[in-house]
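Pasted below: entry-v8.txt, compact mmCIF, C-alpha atoms and all ligand atoms.
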```txt
# COMPACT_ATOMS: atom_id res chain seq x y z
CA MET A 6 -45.80 110.20 94.12
CA SER A 7 -48.19 107.34 93.51
CA THR A 8 -51.63 108.07 92.13
CA LYS A 9 -52.68 104.43 92.08
CA VAL A 10 -56.31 103.83 92.85
CA GLY A 11 -56.98 100.89 95.15
CA LYS A 12 -54.76 97.88 94.77
CA GLN A 13 -54.02 97.69 91.08
CA THR A 14 -52.55 94.69 89.33
CA SER A 15 -49.01 95.61 90.32
CA GLY A 16 -50.00 95.19 93.98
CA ILE A 17 -51.68 91.76 93.94
CA HIS A 18 -48.66 89.43 94.11
CA LEU A 19 -50.23 86.70 96.24
CA THR A 20 -53.37 86.44 94.13
CA SER A 21 -51.29 86.40 90.93
CA ALA A 22 -49.19 83.55 92.30
CA PHE A 23 -52.12 81.57 93.70
CA ASP A 24 -55.19 82.32 91.57
CA GLN A 25 -54.48 83.25 87.97
CA GLU A 26 -58.16 83.19 87.06
CA ILE A 27 -59.10 86.02 89.39
CA ALA A 28 -55.81 87.90 88.89
CA GLU A 29 -56.46 88.04 85.15
CA LEU A 30 -59.94 89.43 85.70
CA VAL A 31 -58.55 92.17 87.94
CA GLN A 32 -56.02 93.01 85.25
CA SER A 33 -58.70 93.10 82.54
CA GLU A 34 -60.89 95.34 84.66
CA GLU A 35 -57.99 97.70 85.25
CA GLN A 36 -57.37 97.84 81.51
CA ARG A 37 -61.06 98.47 80.85
CA GLN A 38 -61.17 101.32 83.33
CA LEU A 39 -58.03 102.89 81.83
CA GLU A 40 -59.21 102.66 78.22
CA THR A 41 -62.82 103.76 78.51
CA ILE A 42 -64.54 107.07 79.27
CA ASN A 43 -66.53 106.65 82.48
CA LEU A 44 -69.58 108.90 82.58
CA ILE A 45 -71.62 106.97 85.15
CA PRO A 46 -72.52 109.75 87.61
CA SER A 47 -72.59 107.43 90.63
CA GLU A 48 -69.05 106.14 90.01
CA ASN A 49 -65.74 107.77 90.76
CA PHE A 50 -62.08 106.85 91.20
CA ALA A 51 -61.49 106.83 94.93
CA SER A 52 -58.61 108.93 96.13
CA PRO A 53 -55.40 106.92 96.68
CA ILE A 54 -55.24 108.38 100.19
CA SER A 55 -58.72 107.20 101.05
CA THR A 56 -58.20 103.68 99.70
CA GLU A 57 -54.81 103.11 101.32
CA LEU A 58 -56.44 101.95 104.54
CA GLU A 59 -59.04 99.68 102.92
CA GLY A 60 -58.05 96.21 104.05
CA CYS A 61 -55.55 97.55 106.64
CA ILE A 62 -55.07 95.86 110.02
CA PHE A 63 -58.31 97.33 111.39
CA ALA A 64 -60.12 95.00 108.96
CA CYS A 65 -59.34 92.19 111.42
CA LYS A 66 -60.90 93.96 114.41
CA ASN A 67 -64.39 93.25 115.62
CA ALA A 68 -65.56 96.49 117.21
CA GLU A 69 -69.23 95.69 117.72
CA GLY A 70 -70.96 98.66 119.33
CA TYR A 71 -70.00 102.33 119.47
CA PRO A 72 -66.92 104.11 120.90
CA GLY A 73 -66.84 103.66 124.67
CA ARG A 74 -69.72 101.14 124.44
CA ARG A 75 -68.22 98.13 122.64
CA PHE A 76 -69.19 94.52 123.22
CA VAL A 77 -65.62 93.19 122.90
CA ALA A 78 -62.24 94.09 124.40
CA GLY A 79 -59.26 95.62 122.64
CA CYS A 80 -61.09 98.56 121.12
CA ASP A 81 -58.97 101.49 122.38
CA TYR A 82 -57.55 102.35 118.97
CA ALA A 83 -60.76 101.54 117.14
CA ASP A 84 -62.54 103.96 119.48
CA LYS A 85 -60.02 106.69 118.73
CA VAL A 86 -60.33 106.18 114.98
CA GLU A 87 -64.12 106.22 115.00
CA LYS A 88 -64.25 109.27 117.28
CA LEU A 89 -61.93 111.14 114.90
CA ALA A 90 -64.08 110.19 111.91
CA ILE A 91 -67.19 111.45 113.73
CA ALA A 92 -65.54 114.68 114.92
CA ARG A 93 -64.32 115.51 111.42
CA LEU A 94 -67.71 114.86 109.91
CA LYS A 95 -69.49 117.01 112.51
CA LYS A 96 -67.06 119.82 111.79
CA ILE A 97 -67.55 119.54 108.01
CA PHE A 98 -71.34 119.81 108.30
CA ASN A 99 -71.53 121.79 111.53
CA CYS A 100 -74.04 119.26 112.87
CA GLU A 101 -74.68 117.76 116.30
CA HIS A 102 -74.48 114.03 115.67
CA ALA A 103 -72.89 111.76 113.08
CA ASN A 104 -72.90 108.01 112.58
CA VAL A 105 -70.18 106.56 110.33
CA GLN A 106 -70.93 102.83 110.57
CA GLY A 107 -73.39 102.40 107.69
CA MET A 108 -72.22 99.80 105.14
CA SER A 109 -74.17 101.37 102.31
CA ALA A 110 -76.44 104.36 101.91
CA THR A 111 -79.35 102.06 101.16
CA ILE A 112 -78.94 100.38 104.57
CA ALA A 113 -78.38 103.71 106.33
CA ASN A 114 -81.59 104.97 104.74
CA VAL A 115 -83.57 101.99 106.00
CA ALA A 116 -82.09 102.57 109.47
CA LEU A 117 -83.16 106.20 109.35
CA LEU A 118 -86.73 105.27 108.40
CA GLN A 119 -86.85 102.78 111.26
CA ALA A 120 -85.44 105.30 113.72
CA VAL A 121 -87.99 107.98 112.82
CA LEU A 122 -91.16 106.11 111.82
CA ASP A 123 -93.55 103.51 113.11
CA PRO A 124 -95.11 100.99 110.72
CA GLY A 125 -98.08 102.58 108.96
CA ASP A 126 -96.69 106.13 109.12
CA VAL A 127 -96.96 108.34 106.06
CA ILE A 128 -93.92 109.52 104.06
CA LEU A 129 -93.69 111.79 101.05
CA THR A 130 -90.82 111.12 98.61
CA MET A 131 -89.77 111.73 95.02
CA GLY A 132 -90.97 109.15 92.50
CA LEU A 133 -88.40 106.70 91.14
CA SER A 134 -88.91 107.53 87.46
CA GLU A 135 -88.63 111.22 88.23
CA GLY A 136 -85.26 110.91 89.91
CA GLY A 137 -85.84 109.41 93.37
CA HIS A 138 -83.94 106.47 94.88
CA LEU A 139 -85.32 102.98 95.46
CA SER A 140 -84.67 103.29 99.20
CA HIS A 141 -87.16 106.16 99.35
CA GLY A 142 -90.15 103.86 99.53
CA ALA A 143 -90.19 102.01 96.17
CA ASN A 144 -92.84 99.29 96.30
CA PHE A 145 -90.28 96.50 95.65
CA HIS A 146 -87.92 97.74 98.41
CA VAL A 147 -88.22 97.14 102.15
CA SER A 148 -88.54 100.92 102.61
CA GLY A 149 -91.84 100.80 100.71
CA ARG A 150 -93.42 97.94 102.62
CA GLN A 151 -94.07 99.18 106.13
CA TYR A 152 -95.10 102.76 105.43
CA LYS A 153 -97.75 104.60 103.46
CA VAL A 154 -95.72 106.19 100.70
CA PHE A 155 -96.82 109.10 98.53
CA HIS A 156 -94.70 110.45 95.69
CA TYR A 157 -94.19 113.93 94.32
CA GLY A 158 -92.61 114.55 90.94
CA VAL A 159 -91.49 117.17 88.46
CA LYS A 160 -93.46 119.66 86.39
CA LYS A 161 -94.28 118.62 82.85
CA ASP A 162 -92.98 121.76 81.18
CA THR A 163 -89.80 122.54 83.13
CA GLU A 164 -89.02 119.00 84.37
CA THR A 165 -88.00 120.53 87.70
CA ILE A 166 -89.43 119.60 91.11
CA ASN A 167 -93.06 120.59 91.44
CA TYR A 168 -92.96 122.37 94.81
CA GLU A 169 -96.66 123.26 94.61
CA GLU A 170 -97.42 119.56 94.32
CA VAL A 171 -95.11 118.81 97.27
CA ALA A 172 -96.99 121.39 99.36
CA GLU A 173 -100.42 120.11 98.28
CA LEU A 174 -99.55 116.46 98.98
CA ALA A 175 -98.06 117.47 102.33
CA ILE A 176 -101.30 119.24 103.31
CA SER A 177 -103.60 116.44 102.15
CA HIS A 178 -101.60 113.43 103.45
CA LYS A 179 -99.93 114.90 106.56
CA PRO A 180 -96.68 112.92 106.25
CA LYS A 181 -94.50 112.39 109.32
CA LEU A 182 -91.40 112.59 107.11
CA ILE A 183 -90.69 114.33 103.81
CA VAL A 184 -87.74 113.04 101.78
CA CYS A 185 -85.72 115.07 99.30
CA GLY A 186 -82.56 114.15 97.42
CA ALA A 187 -82.34 112.14 94.22
CA SER A 188 -80.31 109.85 91.99
CA SER A 189 -81.06 111.24 88.58
CA TYR A 190 -82.12 114.84 89.04
CA PRO A 191 -79.77 117.33 87.33
CA ARG A 192 -80.91 120.48 89.16
CA ASN A 193 -80.26 121.96 92.58
CA ILE A 194 -82.82 121.12 95.21
CA ASP A 195 -84.38 124.01 97.12
CA PHE A 196 -83.84 122.68 100.65
CA MET A 197 -85.18 125.89 102.19
CA LYS A 198 -88.49 125.44 100.37
CA PHE A 199 -88.67 121.79 101.45
CA GLY A 200 -87.95 122.93 105.02
CA ASP A 201 -90.78 125.48 104.90
CA ILE A 202 -93.24 122.92 103.55
CA ALA A 203 -92.22 120.34 106.17
CA ARG A 204 -92.57 122.81 109.03
CA SER A 205 -95.93 124.07 107.80
CA VAL A 206 -97.44 120.58 108.20
CA GLY A 207 -95.40 119.47 111.23
CA ALA A 208 -93.33 116.96 109.22
CA LEU A 209 -89.65 116.13 109.62
CA LEU A 210 -87.32 116.67 106.66
CA TRP A 211 -84.72 114.17 105.49
CA ALA A 212 -82.23 115.06 102.75
CA ASP A 213 -80.45 112.15 101.04
CA ILE A 214 -77.40 113.74 99.43
CA ALA A 215 -75.66 110.54 98.26
CA HIS A 216 -75.06 111.97 94.78
CA THR A 217 -74.17 115.58 95.46
CA VAL A 218 -72.42 115.40 98.85
CA GLY A 219 -68.95 116.26 97.49
CA LEU A 220 -70.31 119.36 95.79
CA ILE A 221 -72.16 120.39 98.95
CA VAL A 222 -69.13 119.87 101.20
CA ALA A 223 -66.98 121.91 98.83
CA GLY A 224 -69.57 124.71 98.97
CA VAL A 225 -70.25 124.79 95.23
CA ILE A 226 -73.97 123.96 95.54
CA PRO A 227 -76.39 124.70 98.44
CA SER A 228 -76.39 122.60 101.61
CA PRO A 229 -79.46 120.98 103.23
CA PHE A 230 -78.33 122.33 106.60
CA PRO A 231 -79.87 123.99 108.58
CA TYR A 232 -83.20 123.04 106.96
CA ALA A 233 -83.06 119.25 107.16
CA ASP A 234 -83.58 117.29 110.38
CA PHE A 235 -81.66 114.32 108.93
CA VAL A 236 -79.04 113.95 106.23
CA THR A 237 -77.75 110.68 104.81
CA SER A 238 -75.09 110.06 102.21
CA SER A 239 -72.95 107.41 100.59
CA THR A 240 -69.19 107.98 100.48
CA HIS A 241 -68.15 106.98 96.97
CA LYS A 242 -69.94 109.21 94.47
CA THR A 243 -69.01 112.90 94.16
CA TRP A 244 -67.33 112.39 97.52
CA ARG A 245 -64.65 110.15 95.97
CA GLY A 246 -64.06 107.94 99.01
CA PRO A 247 -64.17 104.14 99.25
CA ARG A 248 -67.33 102.38 98.07
CA GLY A 249 -69.39 100.64 100.72
CA GLY A 250 -70.06 103.28 103.29
CA ALA A 251 -72.61 105.74 104.49
CA VAL A 252 -73.04 108.52 106.98
CA VAL A 253 -76.11 109.65 108.90
CA LEU A 254 -76.26 113.15 110.37
CA CYS A 255 -78.88 114.49 112.74
CA ARG A 256 -79.53 116.59 115.81
CA LYS A 257 -78.56 115.33 119.27
CA GLU A 258 -82.14 114.48 120.23
CA TRP A 259 -82.25 111.82 117.50
CA ALA A 260 -78.75 110.42 118.11
CA ARG A 261 -79.71 107.43 120.22
CA LYS A 262 -82.58 106.32 118.00
CA VAL A 263 -80.50 106.62 114.82
CA ASP A 264 -77.51 104.79 116.32
CA ARG A 265 -79.67 101.97 117.69
CA ALA A 266 -81.53 101.54 114.41
CA LEU A 267 -78.24 100.94 112.58
CA PHE A 268 -76.57 98.84 115.29
CA PRO A 269 -77.95 96.51 116.55
CA GLY A 270 -81.14 97.15 114.53
CA LEU A 271 -79.71 96.34 111.10
CA GLN A 272 -75.98 95.71 111.24
CA GLY A 273 -73.50 93.83 113.37
CA ALA A 274 -69.85 94.80 113.77
CA PRO A 275 -68.74 97.74 111.62
CA LYS A 276 -65.91 97.52 109.08
CA MET A 277 -63.23 99.33 111.05
CA ASP A 278 -60.75 99.53 108.16
CA LEU A 279 -63.34 101.44 106.14
CA ILE A 280 -64.10 103.72 109.06
CA ALA A 281 -60.36 104.49 109.27
CA ALA A 282 -60.26 105.07 105.51
CA ARG A 283 -63.26 107.40 105.79
CA ALA A 284 -61.64 109.35 108.63
CA VAL A 285 -58.65 110.10 106.37
CA PHE A 286 -60.97 110.97 103.56
CA PHE A 287 -62.96 113.39 105.76
CA LYS A 288 -59.65 115.20 106.25
CA GLU A 289 -58.92 115.15 102.54
CA VAL A 290 -62.26 116.73 101.54
CA GLN A 291 -61.38 119.81 103.60
CA THR A 292 -58.38 120.61 101.37
CA GLU A 293 -58.14 123.28 98.67
CA GLU A 294 -57.52 120.55 96.13
CA PHE A 295 -60.85 118.91 96.86
CA ARG A 296 -62.69 122.23 96.57
CA ALA A 297 -60.98 122.84 93.23
CA TYR A 298 -62.02 119.37 92.11
CA ALA A 299 -65.68 119.99 93.01
CA LYS A 300 -65.66 123.27 91.08
CA ASP A 301 -64.28 121.48 88.05
CA VAL A 302 -66.92 118.74 88.31
CA ILE A 303 -69.63 121.39 87.90
CA LYS A 304 -67.84 123.25 85.09
CA ASN A 305 -67.23 119.99 83.26
CA ALA A 306 -70.85 118.83 83.55
CA SER A 307 -71.95 122.18 82.08
CA ALA A 308 -69.50 121.77 79.21
CA LEU A 309 -70.82 118.25 78.57
CA ALA A 310 -74.39 119.59 78.60
CA LYS A 311 -73.44 122.36 76.17
CA GLY A 312 -71.74 119.93 73.78
CA LEU A 313 -74.78 117.66 73.79
CA LYS A 314 -77.32 120.44 73.42
CA GLN A 315 -75.52 122.24 70.61
CA SER A 316 -75.36 119.03 68.63
CA GLY A 317 -79.07 118.37 68.95
CA THR A 318 -79.59 116.18 72.03
CA ARG A 319 -82.50 117.02 74.32
CA LEU A 320 -81.54 117.49 77.97
CA VAL A 321 -84.11 116.79 80.65
CA SER A 322 -84.83 120.15 82.38
CA GLY A 323 -82.76 121.83 79.65
CA GLY A 324 -79.44 121.65 81.47
CA THR A 325 -77.67 120.99 84.76
CA ASP A 326 -76.65 122.71 88.02
CA THR A 327 -74.69 119.73 89.29
CA HIS A 328 -72.44 116.87 88.19
CA LEU A 329 -75.23 115.11 86.33
CA VAL A 330 -76.88 115.40 82.92
CA LEU A 331 -79.97 113.43 81.94
CA ILE A 332 -80.63 113.06 78.21
CA ASP A 333 -83.68 111.96 76.26
CA VAL A 334 -82.76 109.50 73.49
CA ARG A 335 -86.24 108.77 72.10
CA SER A 336 -85.70 110.78 68.91
CA SER A 337 -82.23 109.37 68.11
CA ILE A 338 -81.87 105.69 69.01
CA GLY A 339 -85.17 105.12 70.82
CA THR A 340 -84.34 103.57 74.19
CA GLY A 341 -81.87 104.10 76.99
CA ALA A 342 -80.86 100.44 76.86
CA ALA A 343 -79.92 100.70 73.16
CA ALA A 344 -78.07 103.97 73.78
CA GLN A 345 -76.11 102.48 76.67
CA ASP A 346 -75.00 99.48 74.55
CA LEU A 347 -74.14 101.62 71.54
CA LEU A 348 -72.01 104.03 73.59
CA GLU A 349 -70.23 101.15 75.32
CA SER A 350 -69.27 99.86 71.88
CA VAL A 351 -67.49 103.18 71.22
CA GLY A 352 -65.77 103.25 74.63
CA ILE A 353 -68.15 105.49 76.57
CA ILE A 354 -69.63 103.96 79.73
CA THR A 355 -73.01 105.36 80.77
CA ASN A 356 -76.17 104.18 82.42
CA ARG A 357 -79.68 103.95 81.07
CA ASN A 358 -82.36 105.65 83.06
CA GLN A 359 -85.99 106.53 83.00
CA ILE A 360 -86.85 110.15 82.31
CA PRO A 361 -89.84 112.03 83.76
CA PHE A 362 -93.22 110.67 82.54
CA ASP A 363 -91.39 107.76 80.89
CA ARG A 364 -93.57 105.09 79.27
CA ALA A 365 -90.65 102.65 78.94
CA PRO A 366 -90.02 100.29 81.90
CA PRO A 367 -86.99 100.93 84.16
CA GLU A 368 -84.95 98.09 82.57
CA VAL A 369 -85.18 99.89 79.23
CA GLY A 370 -85.72 103.59 79.96
CA SER A 371 -85.90 106.44 77.48
CA GLY A 372 -82.84 108.24 78.72
CA LEU A 373 -79.23 108.09 79.78
CA ARG A 374 -77.67 109.41 82.94
CA LEU A 375 -74.27 111.03 82.40
CA GLY A 376 -71.93 112.60 84.93
CA SER A 377 -68.59 114.36 85.20
CA PRO A 378 -67.13 113.18 88.56
CA ALA A 379 -65.05 110.20 87.40
CA MET A 380 -63.43 111.74 84.31
CA THR A 381 -62.77 114.98 86.21
CA THR A 382 -60.87 112.84 88.72
CA ARG A 383 -58.83 111.49 85.80
CA GLY A 384 -57.96 115.07 84.83
CA MET A 385 -60.21 115.83 81.86
CA MET A 386 -61.05 119.49 81.26
CA GLU A 387 -63.99 121.51 79.94
CA GLU A 388 -62.97 121.22 76.28
CA ASP A 389 -62.78 117.42 76.61
CA PHE A 390 -66.26 117.29 78.10
CA PHE A 391 -67.66 119.58 75.42
CA ARG A 392 -66.16 117.26 72.80
CA LEU A 393 -67.62 114.21 74.56
CA GLY A 394 -71.05 115.82 74.33
CA GLN A 395 -70.61 116.19 70.58
CA LEU A 396 -69.32 112.63 70.21
CA ILE A 397 -72.25 111.17 72.15
CA SER A 398 -74.80 113.08 70.03
CA CYS A 399 -72.99 112.03 66.88
CA ALA A 400 -72.90 108.34 67.90
CA LEU A 401 -76.59 108.32 68.85
CA SER A 402 -77.73 109.87 65.60
CA ASN A 403 -75.37 107.77 63.44
CA HIS A 404 -76.11 104.53 65.26
CA ASP A 405 -76.25 102.52 62.05
CA SER A 406 -73.08 103.90 60.45
CA GLN A 407 -70.15 101.58 61.23
CA LEU A 408 -67.78 104.08 59.68
CA GLU A 409 -68.86 106.95 61.95
CA LEU A 410 -68.87 104.69 65.01
CA SER A 411 -65.36 103.39 64.40
CA LYS A 412 -64.07 106.96 64.04
CA ILE A 413 -65.71 107.89 67.35
CA LYS A 414 -64.26 104.83 69.05
CA ALA A 415 -60.76 105.75 67.87
CA GLU A 416 -61.20 109.26 69.23
CA THR A 417 -62.48 108.19 72.67
CA LEU A 418 -59.60 105.73 72.98
CA SER A 419 -57.09 108.46 72.16
CA MET A 420 -58.73 110.73 74.76
CA THR A 421 -57.90 108.21 77.49
CA ASN A 422 -54.28 107.88 76.37
CA ASN A 423 -51.87 108.73 79.19
CA LEU A 424 -54.69 109.70 81.55
CA PRO A 425 -54.10 108.26 85.03
CA LEU A 426 -57.13 107.02 86.96
CA PHE A 427 -56.47 109.74 89.53
CA ALA A 428 -54.85 112.97 88.35
CA GLU A 429 -51.90 114.11 90.44
CA LYS A 430 -53.26 117.67 90.65
CA TRP A 431 -56.00 116.47 93.02
CA LEU A 432 -53.58 115.13 95.62
CA PRO A 433 -53.35 117.43 98.66
CA ARG A 434 -50.27 119.67 98.59
CA GLU A 435 -49.16 118.46 102.04
CA LEU A 436 -48.33 115.09 100.52
CA PHE A 437 -45.67 116.56 98.30
CA ALA A 438 -44.11 118.51 101.18
CA THR A 439 -43.77 115.31 103.24
CA HIS A 440 -42.50 113.46 100.23
CA LYS A 441 -39.62 115.91 99.70
CA GLU A 442 -38.51 115.77 103.33
CA THR A 443 -38.19 111.99 103.38
C1 LIG B 1 -76.68 105.89 95.26
C2 LIG B 1 -77.75 106.35 96.16
C3 LIG B 1 -78.04 105.66 97.34
C4 LIG B 1 -77.46 104.30 97.64
O1 LIG B 1 -76.14 104.23 97.92
P1 LIG B 1 -75.44 102.81 98.11
O2 LIG B 1 -74.25 103.13 98.95
O3 LIG B 1 -75.15 102.33 96.75
O4 LIG B 1 -76.39 101.92 98.82
C5 LIG B 1 -78.97 106.19 98.20
N1 LIG B 1 -79.62 107.35 97.91
C6 LIG B 1 -79.38 108.02 96.78
C7 LIG B 1 -80.13 109.29 96.50
C8 LIG B 1 -78.44 107.53 95.86
O5 LIG B 1 -78.24 108.19 94.73
```

Encoded form using structure tokens:
Amino acid sequence: MSTKVGKQTSGIHLTSAFDQEIAELVQSEEQRQLETINLIPSENFASPISTELEGCIFACKNAEGYPGRRFVAGCDYADKVEKLAIARLKKIFNCEHANVQGMSATIANVALLQAVLDPGDVILTMGLSEGGHLSHGANFHVSGRQYKVFHYGVKKDTETINYEEVAELAISHKPKLIVCGASSYPRNIDFMKFGDIARSVGALLWADIAHTVGLIVAGVIPSPFPYADFVTSSTHKTWRGPRGGAVVLCRKEWARKVDRALFPGLQGAPKMDLIAARAVFFKEVQTEEFRAYAKDVIKNASALAKGLKQSGTRLVSGGTDTHLVLIDVRSSIGTGAAAQDLLESVGIITNRNQIPFDRAPPEVGSGLRLGSPAMTTRGMMEEDFFRLGQLISCALSNHDSQLELSKIKAETLSMTNNLPLFAEKWLPRELFATHKET
């Protein structure tokens, strides 16, 4: 049974024969991914089932429009594929309408804003440095240009969302739309509370679950339904599907506006091969194996948090409920940028981040964002994550000891020994049954 992720070096014969330069880079990247510990919480190793159809024959089909309403001929099979993807998604979330054509969550988010708002409307979103996403109205992003954007944040003492502030800002600014969902917030979001606040001021609620969607679908953390009017998500983070995709979910009454905002409002023809790949993946996330994976992601993030905390690293909000841990590195190495470089030199791949009330600019940051999804996919267990927490603390506090750092590097390399990119235990059982019969 193959657990290859994407098309690895063994599968790129034509490129190897025709373009050595690029083939070698693919090979080097494969080696890098195999030999390093990937703790970037927004990355994952896509399931081999969900990547099999990337680049398949549907990639050559222009299917501009929506099922039954295409602008070109020859779309019978494309229609069937897209309808299946939509039906599976609606079943997973028990929602009335789903759009699967978004080419990234950032674009889907812009489409949603355009579907719901008029220029000049007021929105209330989480601030970037406190965990929000740039597509939630950052001043340098298109989502921040046409609307009046107000930000809520976290409480100084607990570093968790300040719901009183959300309620106060909602009352004083009367937003048309309130946005919840974040990129670097380690705690569960109280969607019910957000729903109550939105309803009390007549606002709509949008939950962007790009980071936590896999955990929500598996039922291991709370869902934004039925509280949110709109839900958007990417497909490649905790969801473990192919990168470059997004879904938008809403009630029937919004279906037409949302669909039109995405196509023809922002995009042209969809990538049908990716829609096919997503349809398969929406089937895969309903398996026992995926639920078991999501449970492990949470357990492993807790173990990582424990390892870090016990060895003296400060965790933003004191811990995690999800796949993500945010650490404060000011007292050890000073900046997130320095921490990211140091850890890369010992084989641990992370990403620098601002922490709440950060004085350092976003390019530098005072923290690091760490996550368990990718290494859980590779098969690492709680004890490995606990150990990684200790190793990270040790590297950060011994950042000028070459001896310590080389010991840590040797240990991280040995931890990746014999680990596949996608552990066989996560493959759905049905695959093995079919395999035996043939
Ligand atoms: C990652 C992320 C996105 C963007 O997803 P892309 O597919 O990379 O565009 C949007 N919203 C949130 C909250 C995210 O974390």

Write out, as a Markdown table, each residue of chain A that has an atom at most 8 Å from ligand LIG 1 (chain B), together with the closest pair of atoms and their distance in Å to one decimal, counting all atoms listed in the file, rows going by chain and rising number.
```
| residue | atom | partner | partner_atom | distance |
| --- | --- | --- | --- | --- |
| A:Ser47 | CA | B:LIG1 | C1 | 6.4 |
| A:Met108 | CA | B:LIG1 | O2 | 7.3 |
| A:Ser109 | CA | B:LIG1 | O2 | 3.8 |
| A:Ala110 | CA | B:LIG1 | O2 | 3.9 |
| A:Thr111 | CA | B:LIG1 | O4 | 3.8 |
| A:Ile112 | CA | B:LIG1 | O4 | 6.5 |
| A:Ala113 | CA | B:LIG1 | O4 | 8.0 |
| A:Asn114 | CA | B:LIG1 | C5 | 7.2 |
| A:Gly137 | CA | B:LIG1 | C7 | 6.5 |
| A:His138 | CA | B:LIG1 | C7 | 5.0 |
| A:Leu139 | CA | B:LIG1 | N1 | 7.6 |
| A:Ser140 | CA | B:LIG1 | C5 | 6.5 |
| A:His141 | CA | B:LIG1 | N1 | 7.8 |
| A:Gly186 | CA | B:LIG1 | C7 | 5.5 |
| A:Ala187 | CA | B:LIG1 | C7 | 4.3 |
| A:Ser188 | CA | B:LIG1 | O5 | 3.8 |
| A:Ser189 | CA | B:LIG1 | O5 | 7.4 |
| A:Asp213 | CA | B:LIG1 | C7 | 5.4 |
| A:Ile214 | CA | B:LIG1 | C7 | 6.0 |
| A:Ala215 | CA | B:LIG1 | C6 | 4.7 |
| A:His216 | CA | B:LIG1 | O5 | 4.9 |
| A:Thr237 | CA | B:LIG1 | N1 | 7.9 |
| A:Ser238 | CA | B:LIG1 | C5 | 6.8 |
| A:Ser239 | CA | B:LIG1 | O2 | 4.8 |
| A:Thr240 | CA | B:LIG1 | O2 | 7.2 |
| A:His241 | CA | B:LIG1 | O2 | 7.5 |
| A:Lys242 | CA | B:LIG1 | C1 | 7.6 |
| A:Arg248 | CA | B:LIG1 | O2 | 7.0 |
| A:Gly249 | CA | B:LIG1 | O2 | 5.7 |
| A:Gly250 | CA | B:LIG1 | O2 | 6.0 |
| A:Ala251 | CA | B:LIG1 | O2 | 6.3 |
```

Inset, instruction - Please work out which residues fall within 12 Å of (-66.2, 117.1, 80.4), coordinates as given in the file, with only C-alpha atoms counting, and return them as a PyMOL selection string. - result: chain A and resi 42-44+301-313+328-330+375-397+420

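Counting from CA of Val321 (chain A), the distance to CA of Pro361 (chain A) is 8.1 Å.
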
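With distances taken over all atoms listed in the file, A:Val127 is the one residue among A:Leu436, A:Val127, A:Leu271, A:Ile54 lying closest to Arg150 (chain A).
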
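CA of Val147 (chain A) lies 13.2 Å from CA of Gly125 (chain A).
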
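Minimum atom-to-atom distance to Val252 (chain A), evaluated using only C-alpha atoms, belongs to A:Ile91 out of A:Ala233, A:Ile413, A:Ile91, A:Ile62.
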
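Distances here use all atoms listed in the file; by that measure, the residue among A:Leu348, A:Leu30, A:Leu19, A:Leu320 closest to Ser402 (chain A) is A:Leu348.
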